[in-house]
Amino acid sequence: MEFDYTKRITIDERYTKRKSDHQPGWSDDYETKLDRIQEVLAEFLVPKGSKFLELGCGAGNIALSMAKLGFESYGIDLSPAAISWAEERKKEFGLSASFCLGNVVELNEYTNEFFEFVYDGDCLFMVIGTDRKACLSNIYRVLKPNGLFLAHAKLLNEQLQDKYYINPDNIFDPITQCLVQDGIPYYYLSREEEFSRELNLAGFKALSSKKFPPKHNEHPLIAGSLSVLAIKQLGR
């Protein structure tokens, strides 16, 4: 693994604060995410009882919603605070789901060809450098043949290509295409074609995509986001 993501202790701090403030999880846009999943389920039949994995599950919102829909639901996150919160919510709602503390780059907790559907819970753009190739390779590994992968990218505003200072400790590095806070890269900004090519090289075939405009509070470097539904190709 190229970067030690556990050094970003602010992840745990954010979850702890969001929970104490009675917020739903890492973010507030779970309805939008569930709407996108429902679009996928309406177009591609994924039988109830299929195994579903949420990468970067946080408080378990998506994984638990999928469990409620009848899926065998799993979630993985590197934050102990997040997993603890997800377990609490599971008991609160009386739902069945399996949450584990782990790294989405490695996915050591899961065997080959285990899942029918893997969902990127807005964590792939936080995977940096060569870890991205390893992460996609392991997502491919744990998916069953013809399994679905719903991936997300933060898109680079290509009009701003020079080094950009958000503040003295938070910059955009045009060489790595990363936002960097206190020397630690935390967001990888993709070009749209580049992201599709990255998925293809990992053995996935894009089936459909949907672009979302930037949020009102996002960095000016971010030109919105891209949601790509891909299928695991055979004979890679």
# chains A, B, ... in the order shown; residues from 1 in each chain; ligands from 1
>>> select_by_dssp(residues="range 3-58 of chain A", states="strand (DSSP E)", output="ChimeraX atom specification")
/A:51-55
>>> write_last_selection(atoms="C-alpha atoms", output="short mmCIF file (atom, residue, chain, number, x, y, z; two decimals), in the first residue's frame")
data_model
loop_
_atom_site.label_atom_id
_atom_site.label_comp_id
_atom_site.auth_asym_id
_atom_site.auth_seq_id
_atom_site.Cartn_x
_atom_site.Cartn_y
_atom_site.Cartn_z
CA LYS A 51 -24.24 -10.24 -2.04
CA PHE A 52 -23.70 -6.47 -1.96
CA LEU A 53 -20.54 -4.70 -0.74
CA GLU A 54 -20.28 -1.02 0.16
CA LEU A 55 -16.71 0.28 -0.03
#
>>> select_by_dssp(residues="range 1-86 of chain A", states="alpha helix (DSSP H)", output="number ranges by chain")
A: 10-20, 30-43, 61-68, 80-86
>>> residues_around(residues="Lys19 in chain A", least_positions_apart="5", cutoff="12 Å", atoms="only C-alpha atoms", output="ChimeraX atom specification")
/A:12-14,24-27,58-59,81-82,84-86,88-89
>>> write_last_selection(atoms="C-alpha atoms", output="PDB file, in the first residue's frame")
ATOM      1  CA  ASP A  12     -12.427   9.207  12.918  1.00  0.00           C
ATOM      2  CA  GLU A  13     -12.823  12.692  14.360  1.00  0.00           C
ATOM      3  CA  ARG A  14     -15.287  13.621  11.627  1.00  0.00           C
ATOM      4  CA  PRO A  24     -26.760  10.745   9.113  1.00  0.00           C
ATOM      5  CA  GLY A  25     -23.135   9.806   8.401  1.00  0.00           C
ATOM      6  CA  TRP A  26     -20.069  11.136   6.585  1.00  0.00           C
ATOM      7  CA  SER A  27     -22.266  13.269   4.300  1.00  0.00           C
ATOM      8  CA  GLY A  58     -19.133   4.792   7.008  1.00  0.00           C
ATOM      9  CA  ALA A  59     -22.200   4.643   9.255  1.00  0.00           C
ATOM     10  CA  ALA A  81     -15.649   5.031  14.689  1.00  0.00           C
ATOM     11  CA  ALA A  82     -17.536   4.418  11.438  1.00  0.00           C
ATOM     12  CA  SER A  84     -18.928   1.101  15.511  1.00  0.00           C
ATOM     13  CA  TRP A  85     -21.618   3.517  14.317  1.00  0.00           C
ATOM     14  CA  ALA A  86     -22.718   1.111  11.562  1.00  0.00           C
ATOM     15  CA  GLU A  88     -25.151   0.459  16.344  1.00  0.00           C
ATOM     16  CA  ARG A  89     -27.444   1.414  13.472  1.00  0.00           C
TER      17      ARG A  89
END
>>> closest_atom_pairs(of="range 135-219 of chain A", to="range 31-48 of chain A", cutoff="9 Å", atoms="only C-alpha atoms", output="CSV")
residue,atom,partner,partner_atom,distance
A:Leu148,CA,A:Val46,CA,8.9
A:Leu150,CA,A:Ile37,CA,8.2
A:Lys210,CA,A:Arg36,CA,8.9
>>> residues_around(residues="Thr176 in chain A", least_positions_apart="5", cutoff="12 Å", atoms="only C-alpha atoms", output="list in words")
Ile128, Gly129, Thr130, Leu156, Gln161, Asp162, Lys163, Ile171, Ile184, Pro185, Tyr186, Tyr187, Tyr188, Leu189 and Ser190 of chain A
>>> closest_residue(among="A:Ile139, A:Leu69, A:Leu199, A:Met126", to="Leu179 in chain A", atoms="only C-alpha atoms")
A:Met126
>>> closest_residue(among="A:Ile83, A:Tyr15, A:Val180, A:Ser50", to="Phe117 in chain A", atoms="only C-alpha atoms")
A:Ser50
